[in-house]
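One structure is given below, encoded as structure tokens.
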Amino acid sequence: MSTLDPINGVNKVTTQKAVIVDPVTRIEGHMKVEVSIEGGQVVDARCTGTLFRGFETILQGRDPKDAPILTERICGVCPVSHGMASVMAIENARGAAPPDDARLLRNLVLGANFIQSHILHFYLLAAFDYCPGPESAPWTPAWNVGPNRGWSVSESLPRAIEARRHAHEMGAVFGGRMPSPHTYIPGGFTAVPTAERIAQFGSYLSTLTEFIGNVYIPDVVELAKKYHEYGSEDDSQAIGAGCGNLLAFGVFDLDPDGTSKLLRGGTIELGKASDLIDTNAITESVGYSWYDDAASRLNPANGVTLPAYPKESAYSWLKAPRYRGKPFEVGPLARMWVNGIYNPGKPSVMARHLARAYETQEIAAAMREWLEGLTPGNPVYNDFASPSYGQGMGLTEAPRGALGHWVEIAKDKILRYQIITPTCWNASPLDDEAQHGPMEQALIGTPVDDPAQPIEVMRVIHSFDPCLSCAVHIMRPSGEPVMVKTG
Amino acid sequence: MKVSRRSFLKYCIASAATIGLDLSVVKLLEKALAAAEAPPVLWLNGANCTGCTVSLANVVAHAGALDVGDLLINTINLTFHPNLMGAAGDLAVTTLFDAAQAGGYILAVDGGIPTAFDGHTCIVWTDPRTGMEVTALEAVTELAGGAAAVLCIGTCASFGGIPAGNPNPTSIRSVREIIGGSTINIPGCPPHPDWMVWTFAQLLAGLSPKLDSSGRPKELFSGKSGVHKKCPRKEVDGKAATFGTDGLCLKKLGCRGPECKADCSTRLWNNGTNWCVGANAICLACTENGFPDKFSPFYRD
């Protein structure tokens, strides 16, 4: 990261502009980004997660059955994914599977939240990087989005706001209330399907399916055409490629033991696909994170979370998860590519938006089948007692990427709980080998027109749909030190 | 997406009974909205999860056309909100500074305020004037001083919430503990959008809602419509002995409805679609001071 620090040198002098964007807005949570700009493009980048809450520590010593309720509050945008990962981890520790109708109900409420999250992301978080928002606060003042290319969401926005709300109402039909439904419980699900509830859910699903096909996907396809330098279906030279490695854990179980999934897990490593995930190959580095170095490069099953602030060289509250020692991008693009549903040839800003939109349609279509598979009167809960001792792992997907929970139970209580969120993969800082995280890599090389308002940087960041639940920071053009380095 | 500010008023009139607004408040609102720009709302994110904002996005008129778009564009003048705003970085921060300097703003906070590591587990922005990172602790302390009202959105800002759960690893305090002054608390994990809109309507009408000992508006959290008091399952014979059974009282499973003063059982959630107990999920008493530790372990079986 030497380029971000002034180094006294004499021979060849290069002028770099250090830009800090803090807060990074229109994301979930707190994030700060620092980039160095030279010759009109980003030459170095640091992503900083600026919130640490210590959920893993709060969970220690508690009843394992409390974990789904508590971990849902890690994120108010994707609480359902945390509830899902948590019940899976605890059931895995017991070696028990829920009744089949519980599996369907879990899929349906999770699917509703995927739809909610993807619509929210595109229309309220990402779109205003390309067109101005409504002419009032909080959308004014805004950063300059450059010349008008004839793309806008102003017509779709009221419908999108309504569709997002409808997706939440659909989830509440079985989830009780959204966000943060408490219906996910180790052993199954609390709500029971009735003919009336099934019809109510189905009616929402029809409305949303129409919106996804006729509004959402066309809006994204049109955006990709108008901003082809950010990647489109026929362009492999695109901004925001990143590390080129993609990883998915898979989600939406299609059979009782989860062997078969709607979206299976796997990896794409520089174009090469694999269906296998070796969870033992996941480690978390903390060399550049505000945690004790003694806990670096551990597998999450043995992981610990020991905050250490201040710490020299550290710049983020995010750890740096790596798979086989390498950074991997997670999210809808990873899921769509691994499953052969959408393969853009190379990651890019638009490939991520397109994958997200296509995935929304895939999930909505599958939800219709799950809904029809429900049988009123079938059991949704098996009596469940947490094991007194045991270890469990719950791997699933949040809307923004692979999510894992790891639990160890001793004397009936949680002894250890570790969570790796998707944004930890994507927005991770440097690891102990000084490899940049995927978002940092995607930022490097991004052309920037106006360092005072580097909208291109926001476009790259937003394409990952980051969820830090605490901190994005933007660049400061004035008063920044001029970096001088030896050549 | 041009909507008249009048639509908020229409919303309040149409749904006054449902959200619990007195018609005299509606009259005051009419006057206030006709007169001037609404006071700016500066929304700070503490140690949050964004769930409160997502819940606000679920607001819908029980009668009429208002949704969160109308509310944000034309009514509450939401000058600073990191999850939604068009600006980022310096422009976002200077916009906040300008509004703060003018005074008369409403400070809304979601998330508790961490105090460990001098507050550095929660950075809200970098100050463009100094280049220094500013903690939520510093920001809330400074901005509370000039605020016309301080609104704690959700249980975390109100009381600490889940991130303040034992052993409270980042030493989170409620906003009230930090500023040492009065706050209007709208707890809930998350809070119901109606509770937020009700409170904004009071403030825009120039009223100061009467508060209970937990700092919550008495009208919303009197307990007269508490979860158990108005629970449709209260009079049902038989208590659920296991999960996944419909229509029975959930007390034996751990339902904290009797301890919860919120009106969820009559208000319902997500446009009247359902509520926790309606889906056979226990009430966690998430609006009560002491959540989660006071009620954990949640399940009895």
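As shown in the structure tokens, the chain order sets the letters A, B, ...; within each chain, residues go from 1, and ligands are also counted from 1 in the order they appear.
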Need to verify the contact set: A:Gly390, 7 Å, only C-alpha atoms, exclusion of same-chain residues closer than 3 positions in sequence. Can you return it as a ChimeraX atom specification?
/A:93,387,408-410
Determine which residues of stretch 68-199 of chain A receive a DSSP assignment of alpha helix (DSSP H), computed from the backbone, and state them as a PDB file with N, CA, C and O atoms, in the first residue's frame.
ATOM      1  N   PRO A  68     -30.339 -17.913  15.785  1.00  0.00           N
ATOM      2  CA  PRO A  68     -30.997 -17.371  14.586  1.00  0.00           C
ATOM      3  C   PRO A  68     -31.620 -15.989  14.824  1.00  0.00           C
ATOM      4  O   PRO A  68     -31.506 -15.099  13.983  1.00  0.00           O
ATOM      5  N   ILE A  69     -32.239 -15.801  15.978  1.00  0.00           N
ATOM      6  CA  ILE A  69     -32.882 -14.512  16.275  1.00  0.00           C
ATOM      7  C   ILE A  69     -31.827 -13.412  16.375  1.00  0.00           C
ATOM      8  O   ILE A  69     -31.986 -12.326  15.814  1.00  0.00           O
ATOM      9  N   LEU A  70     -30.741 -13.704  17.067  1.00  0.00           N
ATOM     10  CA  LEU A  70     -29.722 -12.672  17.271  1.00  0.00           C
ATOM     11  C   LEU A  70     -28.955 -12.370  15.988  1.00  0.00           C
ATOM     12  O   LEU A  70     -28.717 -11.211  15.656  1.00  0.00           O
ATOM     13  N   THR A  71     -28.580 -13.420  15.251  1.00  0.00           N
ATOM     14  CA  THR A  71     -27.762 -13.164  14.055  1.00  0.00           C
ATOM     15  C   THR A  71     -28.574 -12.522  12.934  1.00  0.00           C
ATOM     16  O   THR A  71     -27.996 -11.894  12.050  1.00  0.00           O
ATOM     17  N   PRO A  79     -31.577 -10.227   6.781  1.00  0.00           N
ATOM     18  CA  PRO A  79     -31.699 -10.991   8.025  1.00  0.00           C
ATOM     19  C   PRO A  79     -32.081 -12.449   7.782  1.00  0.00           C
ATOM     20  O   PRO A  79     -31.658 -13.337   8.527  1.00  0.00           O
ATOM     21  N   VAL A  80     -32.882 -12.688   6.757  1.00  0.00           N
ATOM     22  CA  VAL A  80     -33.393 -14.042   6.533  1.00  0.00           C
ATOM     23  C   VAL A  80     -32.244 -15.000   6.218  1.00  0.00           C
ATOM     24  O   VAL A  80     -32.252 -16.157   6.645  1.00  0.00           O
ATOM     25  N   SER A  81     -31.249 -14.522   5.476  1.00  0.00           N
ATOM     26  CA  SER A  81     -30.104 -15.377   5.156  1.00  0.00           C
ATOM     27  C   SER A  81     -29.342 -15.758   6.416  1.00  0.00           C
ATOM     28  O   SER A  81     -28.860 -16.887   6.540  1.00  0.00           O
ATOM     29  N   HIS A  82     -29.235 -14.812   7.352  1.00  0.00           N
ATOM     30  CA  HIS A  82     -28.556 -15.140   8.610  1.00  0.00           C
ATOM     31  C   HIS A  82     -29.377 -16.137   9.433  1.00  0.00           C
ATOM     32  O   HIS A  82     -28.829 -17.065  10.027  1.00  0.00           O
ATOM     33  N   GLY A  83     -30.696 -15.930   9.448  1.00  0.00           N
ATOM     34  CA  GLY A  83     -31.556 -16.895  10.141  1.00  0.00           C
ATOM     35  C   GLY A  83     -31.401 -18.281   9.544  1.00  0.00           C
ATOM     36  O   GLY A  83     -31.315 -19.297  10.256  1.00  0.00           O
ATOM     37  N   MET A  84     -31.349 -18.342   8.224  1.00  0.00           N
ATOM     38  CA  MET A  84     -31.198 -19.611   7.517  1.00  0.00           C
ATOM     39  C   MET A  84     -29.844 -20.259   7.843  1.00  0.00           C
ATOM     40  O   MET A  84     -29.774 -21.438   8.196  1.00  0.00           O
ATOM     41  N   ALA A  85     -28.759 -19.501   7.731  1.00  0.00           N
ATOM     42  CA  ALA A  85     -27.423 -20.050   8.002  1.00  0.00           C
ATOM     43  C   ALA A  85     -27.345 -20.566   9.439  1.00  0.00           C
ATOM     44  O   ALA A  85     -26.744 -21.609   9.716  1.00  0.00           O
ATOM     45  N   SER A  86     -27.984 -19.833  10.337  1.00  0.00           N
ATOM     46  CA  SER A  86     -27.901 -20.176  11.750  1.00  0.00           C
ATOM     47  C   SER A  86     -28.679 -21.457  12.068  1.00  0.00           C
ATOM     48  O   SER A  86     -28.159 -22.347  12.761  1.00  0.00           O
ATOM     49  N   VAL A  87     -29.912 -21.588  11.550  1.00  0.00           N
ATOM     50  CA  VAL A  87     -30.651 -22.839  11.819  1.00  0.00           C
ATOM     51  C   VAL A  87     -29.930 -24.018  11.167  1.00  0.00           C
ATOM     52  O   VAL A  87     -29.889 -25.124  11.728  1.00  0.00           O
ATOM     53  N   MET A  88     -29.322 -23.788   9.994  1.00  0.00           N
ATOM     54  CA  MET A  88     -28.586 -24.872   9.337  1.00  0.00           C
ATOM     55  C   MET A  88     -27.390 -25.320  10.191  1.00  0.00           C
ATOM     56  O   MET A  88     -27.130 -26.514  10.330  1.00  0.00           O
ATOM     57  N   ALA A  89     -26.659 -24.349  10.747  1.00  0.00           N
ATOM     58  CA  ALA A  89     -25.476 -24.687  11.551  1.00  0.00           C
ATOM     59  C   ALA A  89     -25.880 -25.474  12.797  1.00  0.00           C
ATOM     60  O   ALA A  89     -25.239 -26.465  13.156  1.00  0.00           O
ATOM     61  N   ILE A  90     -26.962 -25.044  13.444  1.00  0.00           N
ATOM     62  CA  ILE A  90     -27.366 -25.702  14.690  1.00  0.00           C
ATOM     63  C   ILE A  90     -27.947 -27.088  14.400  1.00  0.00           C
ATOM     64  O   ILE A  90     -27.681 -28.052  15.115  1.00  0.00           O
ATOM     65  N   GLU A  91     -28.730 -27.195  13.332  1.00  0.00           N
ATOM     66  CA  GLU A  91     -29.248 -28.512  12.941  1.00  0.00           C
ATOM     67  C   GLU A  91     -28.108 -29.431  12.501  1.00  0.00           C
ATOM     68  O   GLU A  91     -28.135 -30.643  12.762  1.00  0.00           O
ATOM     69  N   ASN A  92     -27.111 -28.873  11.855  1.00  0.00           N
ATOM     70  CA  ASN A  92     -25.937 -29.645  11.439  1.00  0.00           C
ATOM     71  C   ASN A  92     -25.196 -30.199  12.660  1.00  0.00           C
ATOM     72  O   ASN A  92     -24.721 -31.350  12.653  1.00  0.00           O
ATOM     73  N   ALA A  93     -25.127 -29.406  13.727  1.00  0.00           N
ATOM     74  CA  ALA A  93     -24.464 -29.862  14.955  1.00  0.00           C
ATOM     75  C   ALA A  93     -25.226 -31.036  15.580  1.00  0.00           C
ATOM     76  O   ALA A  93     -24.644 -31.921  16.186  1.00  0.00           O
ATOM     77  N   ARG A  94     -26.559 -31.034  15.416  1.00  0.00           N
ATOM     78  CA  ARG A  94     -27.390 -32.099  15.953  1.00  0.00           C
ATOM     79  C   ARG A  94     -27.462 -33.295  14.998  1.00  0.00           C
ATOM     80  O   ARG A  94     -27.687 -34.428  15.401  1.00  0.00           O
ATOM     81  N   ASP A 100     -40.073 -31.566   5.422  1.00  0.00           N
ATOM     82  CA  ASP A 100     -39.944 -31.058   4.062  1.00  0.00           C
ATOM     83  C   ASP A 100     -40.738 -29.776   3.814  1.00  0.00           C
ATOM     84  O   ASP A 100     -40.311 -28.905   3.067  1.00  0.00           O
ATOM     85  N   ASP A 101     -41.899 -29.649   4.432  1.00  0.00           N
ATOM     86  CA  ASP A 101     -42.654 -28.409   4.232  1.00  0.00           C
ATOM     87  C   ASP A 101     -41.962 -27.212   4.893  1.00  0.00           C
ATOM     88  O   ASP A 101     -42.118 -26.075   4.435  1.00  0.00           O
ATOM     89  N   ALA A 102     -41.200 -27.470   5.953  1.00  0.00           N
ATOM     90  CA  ALA A 102     -40.412 -26.392   6.554  1.00  0.00           C
ATOM     91  C   ALA A 102     -39.328 -25.929   5.585  1.00  0.00           C
ATOM     92  O   ALA A 102     -39.050 -24.736   5.457  1.00  0.00           O
ATOM     93  N   ARG A 103     -38.732 -26.895   4.890  1.00  0.00           N
ATOM     94  CA  ARG A 103     -37.733 -26.546   3.880  1.00  0.00           C
ATOM     95  C   ARG A 103     -38.347 -25.613   2.826  1.00  0.00           C
ATOM     96  O   ARG A 103     -37.759 -24.592   2.457  1.00  0.00           O
ATOM     97  N   LEU A 104     -39.554 -25.939   2.370  1.00  0.00           N
ATOM     98  CA  LEU A 104     -40.209 -25.113   1.363  1.00  0.00           C
ATOM     99  C   LEU A 104     -40.538 -23.716   1.907  1.00  0.00           C
ATOM    100  O   LEU A 104     -40.327 -22.705   1.229  1.00  0.00           O
ATOM    101  N   LEU A 105     -41.042 -23.673   3.131  1.00  0.00           N
ATOM    102  CA  LEU A 105     -41.382 -22.375   3.725  1.00  0.00           C
ATOM    103  C   LEU A 105     -40.136 -21.515   3.919  1.00  0.00           C
ATOM    104  O   LEU A 105     -40.145 -20.309   3.663  1.00  0.00           O
ATOM    105  N   ARG A 106     -39.050 -22.150   4.358  1.00  0.00           N
ATOM    106  CA  ARG A 106     -37.790 -21.403   4.503  1.00  0.00           C
ATOM    107  C   ARG A 106     -37.351 -20.848   3.155  1.00  0.00           C
ATOM    108  O   ARG A 106     -36.918 -19.701   3.049  1.00  0.00           O
ATOM    109  N   ASN A 107     -37.428 -21.677   2.109  1.00  0.00           N
ATOM    110  CA  ASN A 107     -37.044 -21.215   0.774  1.00  0.00           C
ATOM    111  C   ASN A 107     -37.907 -20.041   0.314  1.00  0.00           C
ATOM    112  O   ASN A 107     -37.413 -19.093  -0.299  1.00  0.00           O
ATOM    113  N   LEU A 108     -39.199 -20.127   0.605  1.00  0.00           N
ATOM    114  CA  LEU A 108     -40.121 -19.102   0.110  1.00  0.00           C
ATOM    115  C   LEU A 108     -39.868 -17.739   0.759  1.00  0.00           C
ATOM    116  O   LEU A 108     -39.842 -16.716   0.077  1.00  0.00           O
ATOM    117  N   VAL A 109     -39.683 -17.722   2.076  1.00  0.00           N
ATOM    118  CA  VAL A 109     -39.458 -16.445   2.750  1.00  0.00           C
ATOM    119  C   VAL A 109     -38.064 -15.906   2.378  1.00  0.00           C
ATOM    120  O   VAL A 109     -37.886 -14.701   2.172  1.00  0.00           O
ATOM    121  N   LEU A 110     -37.099 -16.811   2.247  1.00  0.00           N
ATOM    122  CA  LEU A 110     -35.764 -16.376   1.811  1.00  0.00           C
ATOM    123  C   LEU A 110     -35.833 -15.823   0.386  1.00  0.00           C
ATOM    124  O   LEU A 110     -35.239 -14.788   0.083  1.00  0.00           O
ATOM    125  N   GLY A 111     -36.584 -16.507  -0.477  1.00  0.00           N
ATOM    126  CA  GLY A 111     -36.745 -16.034  -1.853  1.00  0.00           C
ATOM    127  C   GLY A 111     -37.387 -14.658  -1.896  1.00  0.00           C
ATOM    128  O   GLY A 111     -36.969 -13.780  -2.658  1.00  0.00           O
ATOM    129  N   ALA A 112     -38.408 -14.460  -1.067  1.00  0.00           N
ATOM    130  CA  ALA A 112     -39.068 -13.150  -1.001  1.00  0.00           C
ATOM    131  C   ALA A 112     -38.060 -12.079  -0.642  1.00  0.00           C
ATOM    132  O   ALA A 112     -38.062 -10.968  -1.187  1.00  0.00           O
ATOM    133  N   ASN A 113     -37.154 -12.416   0.273  1.00  0.00           N
ATOM    134  CA  ASN A 113     -36.182 -11.403   0.671  1.00  0.00           C
ATOM    135  C   ASN A 113     -35.103 -11.170  -0.377  1.00  0.00           C
ATOM    136  O   ASN A 113     -34.575 -10.071  -0.497  1.00  0.00           O
ATOM    137  N   PHE A 114     -34.750 -12.201  -1.141  1.00  0.00           N
ATOM    138  CA  PHE A 114     -33.827 -11.987  -2.262  1.00  0.00           C
ATOM    139  C   PHE A 114     -34.442 -10.975  -3.245  1.00  0.00           C
ATOM    140  O   PHE A 114     -33.777 -10.052  -3.703  1.00  0.00           O
ATOM    141  N   ILE A 115     -35.716 -11.166  -3.557  1.00  0.00           N
ATOM    142  CA  ILE A 115     -36.382 -10.263  -4.507  1.00  0.00           C
ATOM    143  C   ILE A 115     -36.386  -8.843  -3.939  1.00  0.00           C
ATOM    144  O   ILE A 115     -36.045  -7.875  -4.615  1.00  0.00           O
ATOM    145  N   GLN A 116     -36.772  -8.729  -2.677  1.00  0.00           N
ATOM    146  CA  GLN A 116     -36.790  -7.434  -2.003  1.00  0.00           C
ATOM    147  C   GLN A 116     -35.434  -6.762  -2.083  1.00  0.00           C
ATOM    148  O   GLN A 116     -35.311  -5.590  -2.443  1.00  0.00           O
ATOM    149  N   SER A 117     -34.389  -7.509  -1.749  1.00  0.00           N
ATOM    150  CA  SER A 117     -33.045  -6.951  -1.660  1.00  0.00           C
ATOM    151  C   SER A 117     -32.520  -6.533  -3.036  1.00  0.00           C
ATOM    152  O   SER A 117     -31.906  -5.475  -3.188  1.00  0.00           O
ATOM    153  N   HIS A 118     -32.758  -7.368  -4.050  1.00  0.00           N
ATOM    154  CA  HIS A 118     -32.233  -7.052  -5.384  1.00  0.00           C
ATOM    155  C   HIS A 118     -32.913  -5.815  -5.974  1.00  0.00           C
ATOM    156  O   HIS A 118     -32.270  -4.983  -6.606  1.00  0.00           O
ATOM    157  N   ILE A 119     -34.227  -5.680  -5.749  1.00  0.00           N
ATOM    158  CA  ILE A 119     -34.930  -4.497  -6.258  1.00  0.00           C
ATOM    159  C   ILE A 119     -34.446  -3.251  -5.514  1.00  0.00           C
ATOM    160  O   ILE A 119     -34.155  -2.215  -6.111  1.00  0.00           O
ATOM    161  N   LEU A 120     -34.354  -3.371  -4.203  1.00  0.00           N
ATOM    162  CA  LEU A 120     -33.852  -2.260  -3.380  1.00  0.00           C
ATOM    163  C   LEU A 120     -32.484  -1.818  -3.878  1.00  0.00           C
ATOM    164  O   LEU A 120     -32.215  -0.632  -4.069  1.00  0.00           O
ATOM    165  N   LEU A 157     -39.315   4.085 -10.964  1.00  0.00           N
ATOM    166  CA  LEU A 157     -39.060   4.171  -9.521  1.00  0.00           C
ATOM    167  C   LEU A 157     -40.302   3.969  -8.640  1.00  0.00           C
ATOM    168  O   LEU A 157     -40.250   3.170  -7.698  1.00  0.00           O
ATOM    169  N   PRO A 158     -41.414   4.654  -8.928  1.00  0.00           N
ATOM    170  CA  PRO A 158     -42.578   4.419  -8.056  1.00  0.00           C
ATOM    171  C   PRO A 158     -43.005   2.952  -8.044  1.00  0.00           C
ATOM    172  O   PRO A 158     -43.359   2.406  -6.995  1.00  0.00           O
ATOM    173  N   ARG A 159     -42.943   2.298  -9.197  1.00  0.00           N
ATOM    174  CA  ARG A 159     -43.313   0.877  -9.252  1.00  0.00           C
ATOM    175  C   ARG A 159     -42.298   0.021  -8.497  1.00  0.00           C
ATOM    176  O   ARG A 159     -42.649  -0.982  -7.871  1.00  0.00           O
ATOM    177  N   ALA A 160     -41.020   0.406  -8.600  1.00  0.00           N
ATOM    178  CA  ALA A 160     -39.980  -0.366  -7.914  1.00  0.00           C
ATOM    179  C   ALA A 160     -40.137  -0.267  -6.395  1.00  0.00           C
ATOM    180  O   ALA A 160     -39.979  -1.251  -5.675  1.00  0.00           O
ATOM    181  N   ILE A 161     -40.445   0.938  -5.932  1.00  0.00           N
ATOM    182  CA  ILE A 161     -40.647   1.129  -4.488  1.00  0.00           C
ATOM    183  C   ILE A 161     -41.812   0.261  -4.012  1.00  0.00           C
ATOM    184  O   ILE A 161     -41.747  -0.393  -2.968  1.00  0.00           O
ATOM    185  N   GLU A 162     -42.856   0.237  -4.813  1.00  0.00           N
ATOM    186  CA  GLU A 162     -44.017  -0.575  -4.463  1.00  0.00           C
ATOM    187  C   GLU A 162     -43.695  -2.075  -4.534  1.00  0.00           C
ATOM    188  O   GLU A 162     -44.073  -2.856  -3.658  1.00  0.00           O
ATOM    189  N   ALA A 163     -42.941  -2.477  -5.576  1.00  0.00           N
ATOM    190  CA  ALA A 163     -42.600  -3.894  -5.737  1.00  0.00           C
ATOM    191  C   ALA A 163     -41.736  -4.375  -4.568  1.00  0.00           C
ATOM    192  O   ALA A 163     -41.932  -5.474  -4.046  1.00  0.00           O
ATOM    193  N   ARG A 164     -40.798  -3.550  -4.150  1.00  0.00           N
ATOM    194  CA  ARG A 164     -39.945  -3.933  -3.023  1.00  0.00           C
ATOM    195  C   ARG A 164     -40.781  -4.154  -1.768  1.00  0.00           C
ATOM    196  O   ARG A 164     -40.630  -5.129  -1.048  1.00  0.00           O
ATOM    197  N   ARG A 165     -41.710  -3.232  -1.557  1.00  0.00           N
ATOM    198  CA  ARG A 165     -42.596  -3.361  -0.393  1.00  0.00           C
ATOM    199  C   ARG A 165     -43.468  -4.614  -0.514  1.00  0.00           C
ATOM    200  O   ARG A 165     -43.659  -5.347   0.454  1.00  0.00           O
ATOM    201  N   HIS A 166     -43.956  -4.863  -1.712  1.00  0.00           N
ATOM    202  CA  HIS A 166     -44.760  -6.070  -1.922  1.00  0.00           C
ATOM    203  C   HIS A 166     -43.955  -7.339  -1.624  1.00  0.00           C
ATOM    204  O   HIS A 166     -44.486  -8.303  -1.073  1.00  0.00           O
ATOM    205  N   ALA A 167     -42.682  -7.338  -1.998  1.00  0.00           N
ATOM    206  CA  ALA A 167     -41.853  -8.520  -1.732  1.00  0.00           C
ATOM    207  C   ALA A 167     -41.751  -8.761  -0.225  1.00  0.00           C
ATOM    208  O   ALA A 167     -41.764  -9.908   0.237  1.00  0.00           O
ATOM    209  N   HIS A 168     -41.652  -7.678   0.535  1.00  0.00           N
ATOM    210  CA  HIS A 168     -41.621  -7.824   1.990  1.00  0.00           C
ATOM    211  C   HIS A 168     -42.960  -8.316   2.531  1.00  0.00           C
ATOM    212  O   HIS A 168     -43.019  -9.128   3.450  1.00  0.00           O
ATOM    213  N   GLU A 169     -44.039  -7.792   1.965  1.00  0.00           N
ATOM    214  CA  GLU A 169     -45.368  -8.233   2.415  1.00  0.00           C
ATOM    215  C   GLU A 169     -45.558  -9.718   2.095  1.00  0.00           C
ATOM    216  O   GLU A 169     -46.118 -10.483   2.878  1.00  0.00           O
ATOM    217  N   MET A 170     -45.043 -10.124   0.933  1.00  0.00           N
ATOM    218  CA  MET A 170     -45.109 -11.541   0.556  1.00  0.00           C
ATOM    219  C   MET A 170     -44.346 -12.392   1.576  1.00  0.00           C
ATOM    220  O   MET A 170     -44.846 -13.422   2.039  1.00  0.00           O
ATOM    221  N   GLY A 171     -43.161 -11.948   1.949  1.00  0.00           N
ATOM    222  CA  GLY A 171     -42.378 -12.690   2.938  1.00  0.00           C
ATOM    223  C   GLY A 171     -43.091 -12.779   4.275  1.00  0.00           C
ATOM    224  O   GLY A 171     -43.012 -13.787   4.978  1.00  0.00           O
ATOM    225  N   ALA A 172     -43.817 -11.706   4.623  1.00  0.00           N
ATOM    226  CA  ALA A 172     -44.512 -11.676   5.916  1.00  0.00           C
ATOM    227  C   ALA A 172     -45.685 -12.651   5.960  1.00  0.00           C
ATOM    228  O   ALA A 172     -46.127 -13.037   7.041  1.00  0.00           O
ATOM    229  N   VAL A 173     -46.186 -13.049   4.806  1.00  0.00           N
ATOM    230  CA  VAL A 173     -47.318 -13.993   4.778  1.00  0.00           C
ATOM    231  C   VAL A 173     -46.959 -15.246   5.583  1.00  0.00           C
ATOM    232  O   VAL A 173     -47.748 -15.732   6.393  1.00  0.00           O
ATOM    233  N   PHE A 174     -45.749 -15.750   5.398  1.00  0.00           N
ATOM    234  CA  PHE A 174     -45.288 -16.902   6.188  1.00  0.00           C
ATOM    235  C   PHE A 174     -44.279 -16.503   7.267  1.00  0.00           C
ATOM    236  O   PHE A 174     -44.094 -17.230   8.230  1.00  0.00           O
ATOM    237  N   GLY A 175     -43.598 -15.377   7.082  1.00  0.00           N
ATOM    238  CA  GLY A 175     -42.537 -14.984   8.013  1.00  0.00           C
ATOM    239  C   GLY A 175     -43.053 -14.205   9.218  1.00  0.00           C
ATOM    240  O   GLY A 175     -42.316 -13.954  10.151  1.00  0.00           O
ATOM    241  N   ALA A 195     -54.527 -22.774   2.950  1.00  0.00           N
ATOM    242  CA  ALA A 195     -54.906 -22.482   1.564  1.00  0.00           C
ATOM    243  C   ALA A 195     -54.978 -20.976   1.333  1.00  0.00           C
ATOM    244  O   ALA A 195     -54.536 -20.458   0.299  1.00  0.00           O
ATOM    245  N   GLU A 196     -55.477 -20.269   2.334  1.00  0.00           N
ATOM    246  CA  GLU A 196     -55.619 -18.819   2.212  1.00  0.00           C
ATOM    247  C   GLU A 196     -54.256 -18.135   2.112  1.00  0.00           C
ATOM    248  O   GLU A 196     -54.030 -17.263   1.266  1.00  0.00           O
ATOM    249  N   ARG A 197     -53.322 -18.545   2.988  1.00  0.00           N
ATOM    250  CA  ARG A 197     -51.983 -17.953   2.968  1.00  0.00           C
ATOM    251  C   ARG A 197     -51.247 -18.286   1.669  1.00  0.00           C
ATOM    252  O   ARG A 197     -50.509 -17.468   1.129  1.00  0.00           O
ATOM    253  N   ILE A 198     -51.426 -19.506   1.193  1.00  0.00           N
ATOM    254  CA  ILE A 198     -50.767 -19.905  -0.059  1.00  0.00           C
ATOM    255  C   ILE A 198     -51.265 -19.036  -1.217  1.00  0.00           C
ATOM    256  O   ILE A 198     -50.491 -18.545  -2.037  1.00  0.00           O
ATOM    257  N   ALA A 199     -52.578 -18.796  -1.240  1.00  0.00           N
ATOM    258  CA  ALA A 199     -53.150 -17.969  -2.307  1.00  0.00           C
ATOM    259  C   ALA A 199     -52.660 -16.527  -2.205  1.00  0.00           C
ATOM    260  O   ALA A 199     -52.340 -15.884  -3.215  1.00  0.00           O
TER     261      ALA A 199
END
So which residues touch stretch 205-216 of chain B within 7 Å, counting only C-alpha atoms, skipping near sequence neighbours fewer than 5 positions away, as a compact mmCIF listing (two decimals) with N, CA, C and O atoms, in the first residue's frame?
# COMPACT_ATOMS: atom_id res chain seq x y z
N VAL B 25 -54.00 17.12 15.85
CA VAL B 25 -52.62 17.08 15.34
C VAL B 25 -52.64 17.29 13.84
O VAL B 25 -51.80 18.00 13.28
N LEU B 28 -52.90 20.92 13.08
CA LEU B 28 -51.61 21.60 13.27
C LEU B 28 -50.66 21.30 12.11
O LEU B 28 -49.92 22.16 11.65
N LEU B 29 -50.72 20.05 11.67
CA LEU B 29 -49.87 19.64 10.55
C LEU B 29 -50.20 20.44 9.30
O LEU B 29 -49.32 20.89 8.58
N ALA B 32 -48.64 23.71 9.58
CA ALA B 32 -47.18 23.65 9.47
C ALA B 32 -46.73 23.38 8.04
O ALA B 32 -45.80 24.00 7.54
N THR B 183 -34.38 12.27 24.91
CA THR B 183 -34.55 11.74 23.55
C THR B 183 -35.96 11.19 23.43
O THR B 183 -36.58 10.81 24.42
N ILE B 184 -36.45 11.17 22.20
CA ILE B 184 -37.72 10.50 21.93
C ILE B 184 -37.37 9.12 21.39
O ILE B 184 -36.73 9.01 20.34
N ASN B 185 -37.74 8.09 22.11
CA ASN B 185 -37.34 6.73 21.72
C ASN B 185 -38.46 6.00 20.98
O ASN B 185 -39.57 5.93 21.48
N ILE B 186 -38.13 5.51 19.80
CA ILE B 186 -39.07 4.70 19.01
C ILE B 186 -38.46 3.32 18.89
O ILE B 186 -37.88 2.97 17.87
N PHE B 221 -46.99 3.60 23.29
CA PHE B 221 -46.52 2.49 24.13
C PHE B 221 -47.18 2.52 25.51
O PHE B 221 -46.55 2.25 26.52
